[in-house]
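Peer 1: I have a structure I would like to understand better, so I am pasting it below and will then ask my questions one at a time.
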Amino acid sequence: MGQTISEKIISNHIGKKVYAGELVVSEVDGCMASDTTGPLTIKAFHEMGGKKVFSPDKCALIIDHAAPSPNERIANLHKMMRDFAKEQGMRLFEIGEGICHQVMVENAYVKPGNIFIGADSHTPTYGALNAFACGVGSTDLAATMMTGKIWLKVPQTIQINCSGKLQEGVTAKDLILFLVGKVTVSGATYQAIEFTGETFERLSLASRMTVANMSSEMGAKTGIVHPKGLKLDYDFEAITPDEDANYIKTFDFDVAGLEPQVSAPESPDNVHNISNYEGTKINYAFIGTCCNGRLEDLNIAAEILKGKKIHPDVRMVIAPASQSVLLDAISNGTMSTLIEAGASLITSGCGPCVGTHQGVPADGEVVISAANRNFRGRMGNPNSNIYLGAPSTVAASALEGQIVNPKKYLV
Ligand SMILES: CC(C)[C@H](C(=O)O)[C@@H](O)C(=O)O
Ligand code: SF4
């Protein structure tokens with residue numbers, strides 16, 4: 001019987017063919033926790049009698065969610081992580097090195113065909129690399145750090161097949177917002193998603209990460225982009241699905257005519273064509289996160305803002321996804337373009353995404369954000385409203401002080 005990508009990756013790890021619905025215990029190729037989940041992971045590790053992590057080279061801790069520490073309590077949690085990493089001989093990514101998902105990919109902690117476990121819900125981002133990656137809670141992660149193993153129910157797979165070339169000025173973020181709108185936030189619960197078709201084949205690694213990242217917003221266990229067209233700077237063996245693989249559901253979309261998309265408050269699946277929201281006044285524009293804080297995202301924002309000033313009633317915050325993204329954006333001139341336009345640069349990391357620090361909106365304010373979540377209170381204030389869009393939409397809206405279609409600045 002044919003297999004999906006997820007079934008194949010898990011089978012390769014188990015040493016026998018397995019299919020959706022089976023319960024397995026598999027070895028993992030790597031695991032990580034951030035400063036939100038790391039401290040709880042360390043506590044659980046000790047409570048379970050853990051002494052040594054299974055392989056220091058395959059485990060990582062990242063200080064990214066509240067970095068640099070905004071208060072004494074978090075400063076002490078960060079210290080606990082640093083102490084544990086030192087004691088275990090494992091790598092700790094410091095404040096400013098970047099968002100966990102970005103640094104795991106940049107530092108090759110995860111590669112095609114891997115099984116990777118992270119104590120963060122956006123771990124499926126690595127599906128961009130043709131890997132099976134999923135998020136777990138801190139206790140599960142502690143067990144994985146001890147044993148190098150994870151128990152899994154092999155997920156059923158939903159296939160999302162897209163054809164057509166995205167129009168000029170329409171990006172991977174618009175595509176994935178559109179798909180989240182169609183599948184809904186609970187439409188793929190505990191299922192794997194396979195993104196296939198010519199539209200995805202054309203995407204860069206960064207854009208594939210944007211797509212796989214928002215699998216989480218559909219409730220998916222993992223989201224894997226078909227490896228066709230994937231270019232990496234090392235050789236890899238691509239895992240592709242069998243022709244007769246069994247899918248629980250298949251969606252087919254022709255996205256050639258897709259317009260820029262916006263997700264309105266207060267759910268990522270409240271997605272509509274941007275024309276529905278054009279003219280909505282905004283106070284705050286944010287570009288960053290594991291969804292859209294990469295070089296291509298900053299570049300497109302700079303293309304729009306070059307030589308211009310953001311609207312006087314808007315503040316704009318930029319949090320590059322990693323130090324390496326920041327350095328690239330400095331050397332290609334993107335960063336000075338953004339700052340000259342009036343944007344404020346903050347430490348590479350999660351920034352204001354999850355509302356723990358660095359840029360909480362005020363009561364009644366409206367945010368246009370390149371992030372992946374817009375639940376009520378997501379950025380730290382339940383009395384603000386968050387719209388999600390592509391970095392291009394965020395930049396163009398910052399310029400005009402209202403939500404606008406970025407197309408006119410790009411084509
Ligand atoms: C705080 C952390 C546990 C959380 C997650 O797991 O996703 C965060 O990264 C988020 O995006 O909401
Ligand atoms: S950038 Fe946002 S979505 Fe991504 S890991 Fe950080 S808090 Fe979560």
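We name chains A, B, ... following the order of the structure tokens; residues begin at 1 in each chain, and ligands are numbered from 1 as shown.
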Can you list every residue in region 94-325 of chain A that DSSP puts in strand (DSSP E), as a PDB file with N, CA and C atoms, in the first residue's frame?
Peer 2:
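Okay, this is what ended up in states.pdb:
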```
ATOM      1  N   ILE A 115      12.951  13.342  11.880  1.00  0.00           N
ATOM      2  CA  ILE A 115      11.854  13.552  12.834  1.00  0.00           C
ATOM      3  C   ILE A 115      12.406  14.487  13.897  1.00  0.00           C
ATOM      4  N   PHE A 116      11.734  15.614  14.069  1.00  0.00           N
ATOM      5  CA  PHE A 116      12.215  16.628  15.005  1.00  0.00           C
ATOM      6  C   PHE A 116      11.068  17.042  15.915  1.00  0.00           C
ATOM      7  N   ILE A 117      11.390  17.153  17.202  1.00  0.00           N
ATOM      8  CA  ILE A 117      10.360  17.475  18.200  1.00  0.00           C
ATOM      9  C   ILE A 117      10.737  18.789  18.888  1.00  0.00           C
ATOM     10  N   GLY A 118       9.773  19.688  18.984  1.00  0.00           N
ATOM     11  CA  GLY A 118      10.036  20.961  19.655  1.00  0.00           C
ATOM     12  C   GLY A 118       8.933  21.279  20.642  1.00  0.00           C
ATOM     13  N   PHE A 132       9.565  15.643   9.177  1.00  0.00           N
ATOM     14  CA  PHE A 132       8.375  15.446  10.007  1.00  0.00           C
ATOM     15  C   PHE A 132       8.679  16.098  11.349  1.00  0.00           C
ATOM     16  N   ALA A 133       8.053  17.247  11.606  1.00  0.00           N
ATOM     17  CA  ALA A 133       8.381  17.993  12.818  1.00  0.00           C
ATOM     18  C   ALA A 133       7.101  18.336  13.543  1.00  0.00           C
ATOM     19  N   CYS A 134       7.076  18.084  14.832  1.00  0.00           N
ATOM     20  CA  CYS A 134       5.864  18.455  15.558  1.00  0.00           C
ATOM     21  C   CYS A 134       6.154  19.020  16.934  1.00  0.00           C
ATOM     22  N   GLY A 135       5.182  19.773  17.396  1.00  0.00           N
ATOM     23  CA  GLY A 135       5.272  20.416  18.697  1.00  0.00           C
ATOM     24  C   GLY A 135       4.698  19.505  19.775  1.00  0.00           C
ATOM     25  N   LYS A 149      13.672   9.547  22.200  1.00  0.00           N
ATOM     26  CA  LYS A 149      12.525   8.920  21.522  1.00  0.00           C
ATOM     27  C   LYS A 149      11.241   9.703  21.746  1.00  0.00           C
ATOM     28  N   ILE A 150      10.266   9.438  20.879  1.00  0.00           N
ATOM     29  CA  ILE A 150       8.942  10.065  21.027  1.00  0.00           C
ATOM     30  C   ILE A 150       7.894   9.022  20.660  1.00  0.00           C
ATOM     31  N   TRP A 151       6.777   9.043  21.384  1.00  0.00           N
ATOM     32  CA  TRP A 151       5.676   8.184  20.920  1.00  0.00           C
ATOM     33  C   TRP A 151       4.772   9.002  20.034  1.00  0.00           C
ATOM     34  N   LEU A 152       4.301   8.374  18.988  1.00  0.00           N
ATOM     35  CA  LEU A 152       3.482   9.069  17.998  1.00  0.00           C
ATOM     36  C   LEU A 152       2.347   8.181  17.537  1.00  0.00           C
ATOM     37  N   LYS A 153       1.234   8.813  17.247  1.00  0.00           N
ATOM     38  CA  LYS A 153       0.217   8.118  16.478  1.00  0.00           C
ATOM     39  C   LYS A 153       0.449   8.576  15.048  1.00  0.00           C
ATOM     40  N   THR A 157      -3.241  11.964   6.609  1.00  0.00           N
ATOM     41  CA  THR A 157      -2.719  13.120   5.872  1.00  0.00           C
ATOM     42  C   THR A 157      -3.797  13.778   5.018  1.00  0.00           C
ATOM     43  N   ILE A 158      -3.818  15.100   5.079  1.00  0.00           N
ATOM     44  CA  ILE A 158      -4.644  15.904   4.179  1.00  0.00           C
ATOM     45  C   ILE A 158      -3.719  16.420   3.087  1.00  0.00           C
ATOM     46  N   GLN A 159      -4.123  16.263   1.849  1.00  0.00           N
ATOM     47  CA  GLN A 159      -3.309  16.785   0.757  1.00  0.00           C
ATOM     48  C   GLN A 159      -3.881  18.131   0.297  1.00  0.00           C
ATOM     49  N   ILE A 160      -3.029  19.128   0.222  1.00  0.00           N
ATOM     50  CA  ILE A 160      -3.459  20.427  -0.315  1.00  0.00           C
ATOM     51  C   ILE A 160      -2.664  20.672  -1.587  1.00  0.00           C
ATOM     52  N   ASN A 161      -3.370  20.625  -2.692  1.00  0.00           N
ATOM     53  CA  ASN A 161      -2.731  20.695  -3.986  1.00  0.00           C
ATOM     54  C   ASN A 161      -3.034  22.056  -4.620  1.00  0.00           C
ATOM     55  N   CYS A 162      -2.012  22.832  -4.917  1.00  0.00           N
ATOM     56  CA  CYS A 162      -2.241  24.152  -5.504  1.00  0.00           C
ATOM     57  C   CYS A 162      -1.605  24.267  -6.875  1.00  0.00           C
ATOM     58  N   SER A 163      -2.371  24.793  -7.811  1.00  0.00           N
ATOM     59  CA  SER A 163      -1.834  25.028  -9.146  1.00  0.00           C
ATOM     60  C   SER A 163      -1.932  26.507  -9.458  1.00  0.00           C
ATOM     61  N   ALA A 192      -1.624  15.275   9.417  1.00  0.00           N
ATOM     62  CA  ALA A 192      -0.485  15.871   8.707  1.00  0.00           C
ATOM     63  C   ALA A 192      -1.049  16.554   7.471  1.00  0.00           C
ATOM     64  N   ILE A 193      -0.403  17.638   7.054  1.00  0.00           N
ATOM     65  CA  ILE A 193      -0.788  18.252   5.781  1.00  0.00           C
ATOM     66  C   ILE A 193       0.381  18.061   4.825  1.00  0.00           C
ATOM     67  N   GLU A 194       0.063  17.700   3.587  1.00  0.00           N
ATOM     68  CA  GLU A 194       1.087  17.678   2.540  1.00  0.00           C
ATOM     69  C   GLU A 194       0.738  18.774   1.546  1.00  0.00           C
ATOM     70  N   PHE A 195       1.643  19.711   1.356  1.00  0.00           N
ATOM     71  CA  PHE A 195       1.432  20.791   0.398  1.00  0.00           C
ATOM     72  C   PHE A 195       2.094  20.373  -0.911  1.00  0.00           C
ATOM     73  N   THR A 196       1.288  20.166  -1.947  1.00  0.00           N
ATOM     74  CA  THR A 196       1.868  19.710  -3.209  1.00  0.00           C
ATOM     75  C   THR A 196       1.371  20.578  -4.371  1.00  0.00           C
ATOM     76  N   THR A 222       1.626  18.122  11.828  1.00  0.00           N
ATOM     77  CA  THR A 222       2.792  18.533  11.047  1.00  0.00           C
ATOM     78  C   THR A 222       2.306  18.991   9.674  1.00  0.00           C
ATOM     79  N   GLY A 223       3.137  19.753   8.981  1.00  0.00           N
ATOM     80  CA  GLY A 223       2.770  20.195   7.637  1.00  0.00           C
ATOM     81  C   GLY A 223       4.013  20.119   6.782  1.00  0.00           C
ATOM     82  N   ILE A 224       3.982  19.288   5.755  1.00  0.00           N
ATOM     83  CA  ILE A 224       5.205  19.041   4.986  1.00  0.00           C
ATOM     84  C   ILE A 224       5.019  19.519   3.544  1.00  0.00           C
ATOM     85  N   VAL A 225       5.968  20.316   3.094  1.00  0.00           N
ATOM     86  CA  VAL A 225       5.910  20.789   1.716  1.00  0.00           C
ATOM     87  C   VAL A 225       6.602  19.746   0.839  1.00  0.00           C
ATOM     88  N   LYS A 249      -8.282  13.408   2.909  1.00  0.00           N
ATOM     89  CA  LYS A 249      -8.984  14.472   2.197  1.00  0.00           C
ATOM     90  C   LYS A 249      -8.007  15.125   1.222  1.00  0.00           C
ATOM     91  N   THR A 250      -8.504  15.564   0.090  1.00  0.00           N
ATOM     92  CA  THR A 250      -7.645  16.323  -0.834  1.00  0.00           C
ATOM     93  C   THR A 250      -8.347  17.625  -1.202  1.00  0.00           C
ATOM     94  N   PHE A 251      -7.594  18.721  -1.097  1.00  0.00           N
ATOM     95  CA  PHE A 251      -8.113  20.018  -1.536  1.00  0.00           C
ATOM     96  C   PHE A 251      -7.363  20.378  -2.814  1.00  0.00           C
ATOM     97  N   ASP A 252      -8.071  20.909  -3.792  1.00  0.00           N
ATOM     98  CA  ASP A 252      -7.437  21.398  -5.018  1.00  0.00           C
ATOM     99  C   ASP A 252      -7.781  22.865  -5.208  1.00  0.00           C
ATOM    100  N   PHE A 253      -6.770  23.697  -5.325  1.00  0.00           N
ATOM    101  CA  PHE A 253      -7.033  25.120  -5.539  1.00  0.00           C
ATOM    102  C   PHE A 253      -6.193  25.628  -6.704  1.00  0.00           C
ATOM    103  N   ASP A 254      -6.828  26.418  -7.557  1.00  0.00           N
ATOM    104  CA  ASP A 254      -6.068  27.157  -8.563  1.00  0.00           C
ATOM    105  C   ASP A 254      -5.874  28.561  -7.980  1.00  0.00           C
ATOM    106  N   GLN A 261      -4.225  38.597   0.867  1.00  0.00           N
ATOM    107  CA  GLN A 261      -5.216  38.171   1.856  1.00  0.00           C
ATOM    108  C   GLN A 261      -4.957  38.838   3.200  1.00  0.00           C
ATOM    109  N   VAL A 262      -6.026  39.005   3.959  1.00  0.00           N
ATOM    110  CA  VAL A 262      -5.906  39.541   5.320  1.00  0.00           C
ATOM    111  C   VAL A 262      -6.727  38.652   6.242  1.00  0.00           C
ATOM    112  N   SER A 263      -6.135  38.358   7.401  1.00  0.00           N
ATOM    113  CA  SER A 263      -6.892  37.642   8.425  1.00  0.00           C
ATOM    114  C   SER A 263      -7.315  38.687   9.458  1.00  0.00           C
ATOM    115  N   VAL A 271     -10.284  34.888   7.205  1.00  0.00           N
ATOM    116  CA  VAL A 271      -9.470  35.383   6.086  1.00  0.00           C
ATOM    117  C   VAL A 271     -10.336  35.841   4.910  1.00  0.00           C
ATOM    118  N   HIS A 272      -9.996  36.991   4.365  1.00  0.00           N
ATOM    119  CA  HIS A 272     -10.742  37.540   3.232  1.00  0.00           C
ATOM    120  C   HIS A 272      -9.786  38.261   2.297  1.00  0.00           C
ATOM    121  N   ASN A 273     -10.265  38.547   1.094  1.00  0.00           N
ATOM    122  CA  ASN A 273      -9.471  39.369   0.173  1.00  0.00           C
ATOM    123  C   ASN A 273      -9.209  40.715   0.831  1.00  0.00           C
ATOM    124  N   TYR A 284      -0.234  50.547  14.312  1.00  0.00           N
ATOM    125  CA  TYR A 284       0.978  49.813  14.658  1.00  0.00           C
ATOM    126  C   TYR A 284       1.201  48.749  13.570  1.00  0.00           C
ATOM    127  N   ALA A 285       2.413  48.703  13.047  1.00  0.00           N
ATOM    128  CA  ALA A 285       2.745  47.718  12.012  1.00  0.00           C
ATOM    129  C   ALA A 285       3.922  46.881  12.506  1.00  0.00           C
ATOM    130  N   PHE A 286       3.795  45.582  12.387  1.00  0.00           N
ATOM    131  CA  PHE A 286       4.856  44.701  12.905  1.00  0.00           C
ATOM    132  C   PHE A 286       5.292  43.691  11.847  1.00  0.00           C
ATOM    133  N   ILE A 287       6.616  43.635  11.628  1.00  0.00           N
ATOM    134  CA  ILE A 287       7.174  42.592  10.746  1.00  0.00           C
ATOM    135  C   ILE A 287       8.202  41.804  11.536  1.00  0.00           C
ATOM    136  N   GLY A 288       8.011  40.511  11.564  1.00  0.00           N
ATOM    137  CA  GLY A 288       8.927  39.622  12.271  1.00  0.00           C
ATOM    138  C   GLY A 288       8.281  38.252  12.394  1.00  0.00           C
ATOM    139  N   ARG A 315       3.396  53.502  14.205  1.00  0.00           N
ATOM    140  CA  ARG A 315       4.749  53.096  14.589  1.00  0.00           C
ATOM    141  C   ARG A 315       4.975  51.712  13.994  1.00  0.00           C
ATOM    142  N   MET A 316       6.217  51.480  13.651  1.00  0.00           N
ATOM    143  CA  MET A 316       6.524  50.213  12.979  1.00  0.00           C
ATOM    144  C   MET A 316       7.667  49.525  13.706  1.00  0.00           C
ATOM    145  N   VAL A 317       7.479  48.258  13.997  1.00  0.00           N
ATOM    146  CA  VAL A 317       8.497  47.488  14.714  1.00  0.00           C
ATOM    147  C   VAL A 317       8.982  46.342  13.822  1.00  0.00           C
ATOM    148  N   ILE A 318      10.298  46.186  13.771  1.00  0.00           N
ATOM    149  CA  ILE A 318      10.906  45.102  12.985  1.00  0.00           C
ATOM    150  C   ILE A 318      11.710  44.213  13.933  1.00  0.00           C
ATOM    151  N   ALA A 319      11.400  42.932  13.954  1.00  0.00           N
ATOM    152  CA  ALA A 319      12.185  41.969  14.736  1.00  0.00           C
ATOM    153  C   ALA A 319      12.669  40.879  13.774  1.00  0.00           C
TER     154      ALA A 319
END
```
Peer 1: Considering only C-alpha atoms, return as a ChimeraX atom specification whatever protein or nucleic-acid residues lie within 7 Å of region 216-218 of chain A, sequence-local ones (same chain, fewer than 6 positions apart) excluded.
Peer 2: /A:121-122,124,180,183-189,268
Peer 1: Could you take the residues named above and write them with C-alpha atoms, as a compact mmCIF listing (two decimals), in the first residue's frame?
Peer 2:
```
# COMPACT_ATOMS: atom_id res chain seq x y z
CA SER A 121 3.46 24.83 18.52
CA HIS A 122 5.16 26.17 15.39
CA PRO A 124 5.91 22.16 11.95
CA VAL A 180 -6.03 28.58 6.59
CA VAL A 183 -9.28 24.57 6.03
CA THR A 184 -10.14 26.52 9.25
CA VAL A 185 -8.32 26.49 12.59
CA SER A 186 -9.56 23.05 13.52
CA GLY A 187 -9.73 21.53 10.04
CA ALA A 188 -6.57 19.45 10.32
CA THR A 189 -6.49 18.55 14.00
CA PRO A 268 -6.31 33.32 11.89
```
Peer 1: Can I get the residues close to ligand 2 as a list in words, where close means within 6 Å and we count only C-alpha atoms and all ligand atoms?
Peer 2: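 Using only C-alpha atoms and all ligand atoms, I find these residues within 6 Å of ligand 2: His65, Thr289, Cys290, Cys350, Cys353 and Val354 of chain A.
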Peer 1: Mind writing the picked residues with N, CA and C atoms as a CSV table (one decimal), in the first residue's frame?
Peer 2:
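And here is the file that came out, selection22.csv:
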```csv
chain,number,residue,atom,x,y,z
A,65,HIS,N,11.7,34.0,23.3
A,65,HIS,CA,10.3,34.6,23.5
A,65,HIS,C,10.3,35.8,24.3
A,289,THR,N,8.7,37.5,13.4
A,289,THR,CA,8.2,36.1,13.7
A,289,THR,C,8.8,35.0,12.9
A,290,CYS,N,8.5,33.8,13.4
A,290,CYS,CA,8.9,32.6,12.7
A,290,CYS,C,8.1,32.4,11.4
A,350,CYS,N,11.3,36.6,19.1
A,350,CYS,CA,9.8,36.6,18.9
A,350,CYS,C,9.3,38.0,19.0
A,353,CYS,N,5.3,39.3,19.3
A,353,CYS,CA,4.4,38.3,18.7
A,353,CYS,C,3.4,37.7,19.8
A,354,VAL,N,4.0,37.4,20.9
A,354,VAL,CA,3.2,36.6,21.9
A,354,VAL,C,2.8,37.5,23.1
```
Peer 1: For ligand 1, collect every residue having any atom at a distance of at most 12 Å from a ligand atom (counting only C-alpha atoms and all ligand atoms); output as a PyMOL selection string.
Peer 2: chain A and resi 32-41+62-66+99-101+117-125+134-138+213-217+219+289-291+349-356+371-375+377-380
Peer 1: If you measure from CA of Asp29 (chain A) to CA of Val105 (chain A), what distance in Å do you get, rounded to one decimal?
Peer 2: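 Atom-to-atom, CA of Asp29 (chain A) and CA of Val105 (chain A) are spaced 13.0 Å apart.
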Peer 1: Pick the closest to Tyr190 (chain A) from A:Met48, A:Leu388, A:Ala20, A:Leu177: which is it, counting only C-alpha atoms?
Peer 2: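 Closest to Tyr190 (chain A), using only C-alpha atoms: A:Ala20.
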Peer 1: Find the spatial neighbours of Glu365 (chain A), counting only C-alpha atoms, within a cut-off of 9 Å - ignore same-chain residues fewer than 6 positions away - and output them as a list in words.
Peer 2: Ile282, Asn283, Tyr284, Asn383, Ser384, Asn385 and Ile386 of chain A
Peer 1: Restricted to N, CA and C atoms, what would the selected residues look like written as a compact mmCIF listing (two decimals), in the first residue's frame?
Peer 2:
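Saved as part_38.txt:
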```txt
# COMPACT_ATOMS: atom_id res chain seq x y z
N ILE A 282 -4.83 52.01 10.90
CA ILE A 282 -3.95 51.23 11.77
C ILE A 282 -3.04 52.15 12.58
N ASN A 283 -2.62 51.65 13.75
CA ASN A 283 -1.73 52.41 14.63
C ASN A 283 -0.32 51.83 14.66
N TYR A 284 -0.23 50.55 14.31
CA TYR A 284 0.98 49.81 14.66
C TYR A 284 1.20 48.75 13.57
N ASN A 383 -7.73 44.42 24.53
CA ASN A 383 -8.52 45.53 23.98
C ASN A 383 -7.94 46.10 22.69
N SER A 384 -7.08 45.33 22.05
CA SER A 384 -6.56 45.77 20.74
C SER A 384 -7.00 44.76 19.69
N ASN A 385 -6.90 45.15 18.44
CA ASN A 385 -7.31 44.26 17.34
C ASN A 385 -6.14 44.04 16.40
N ILE A 386 -5.95 42.77 16.01
CA ILE A 386 -4.81 42.42 15.16
C ILE A 386 -5.28 41.86 13.82
```
Peer 1: Let's see if you can do this: from backbone DSSP, list all helix (DSSP H, G or I) residues in region 99-233 of chain A, as a PyMOL selection string.
Peer 2: chain A and resi 100-106+123-129+138-147+172-183+198-201+205-213+216-218
Peer 1: Using only C-alpha atoms, find the one residue out of A:Thr171, A:Ser324, A:Ser275, A:Gln156 that sits nearest to Val255 (chain A).
Peer 2: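 Closest residue, counting only C-alpha atoms: A:Thr171.
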Peer 1: Would you pick out the contacts of Thr393 (chain A) at 8 Å or less, using only C-alpha atoms, so that residues sharing its chain but fewer than 2 positions from it are not included, and give the list as a list of chain:residue names?
Peer 2: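 Using only C-alpha atoms, the neighbours found are A:Pro260, A:Gly389, A:Ala390, A:Pro391, A:Ala395, A:Ala396, A:Ser397, A:Ile403, A:Val404, A:Asn405, A:Pro406.
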Peer 1: Find the residues near region 298-310 of chain A: any atom within 7 Å, counting only C-alpha atoms, skip ones fewer than 3 places away on the same chain, and give them as an MDAnalysis selection string.
Peer 2: chainID A and resid 293:295 314 334 337:338 341:342 391:392 395:396 398:399 409:410
Peer 1: Do you have the CA of Met209 (chain A)-CA of Arg91 (chain A) distance handy?
Peer 2: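 It comes out at 23.0 Å.
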Peer 1: Please report as JSON lines every residue of region 83-198 of chain A lying within 9 Å of region 237-242 of chain A, along with the nearest atom pair and their distance in Å (one decimal), using only C-alpha atoms.
Peer 2:
```
{"residue": "A:Pro112", "atom": "CA", "partner": "A:Ala238", "partner_atom": "CA", "distance": 6.8}
{"residue": "A:Gly113", "atom": "CA", "partner": "A:Ile239", "partner_atom": "CA", "distance": 6.4}
{"residue": "A:Asn130", "atom": "CA", "partner": "A:Ile239", "partner_atom": "CA", "distance": 6.9}
{"residue": "A:Ala131", "atom": "CA", "partner": "A:Ile239", "partner_atom": "CA", "distance": 8.6}
```
Peer 1: Under the rule that only C-alpha atoms are counted, which of A:Val154, A:Ala245, A:Met104, A:Leu345 is the nearest residue to Pro320 (chain A)?
Peer 2: A:Leu345
Peer 1: State, in Å with one decimal place, the distance from CA of Gly89 (chain A) to CA of Asn71 (chain A).
Peer 2: 26.9 Å
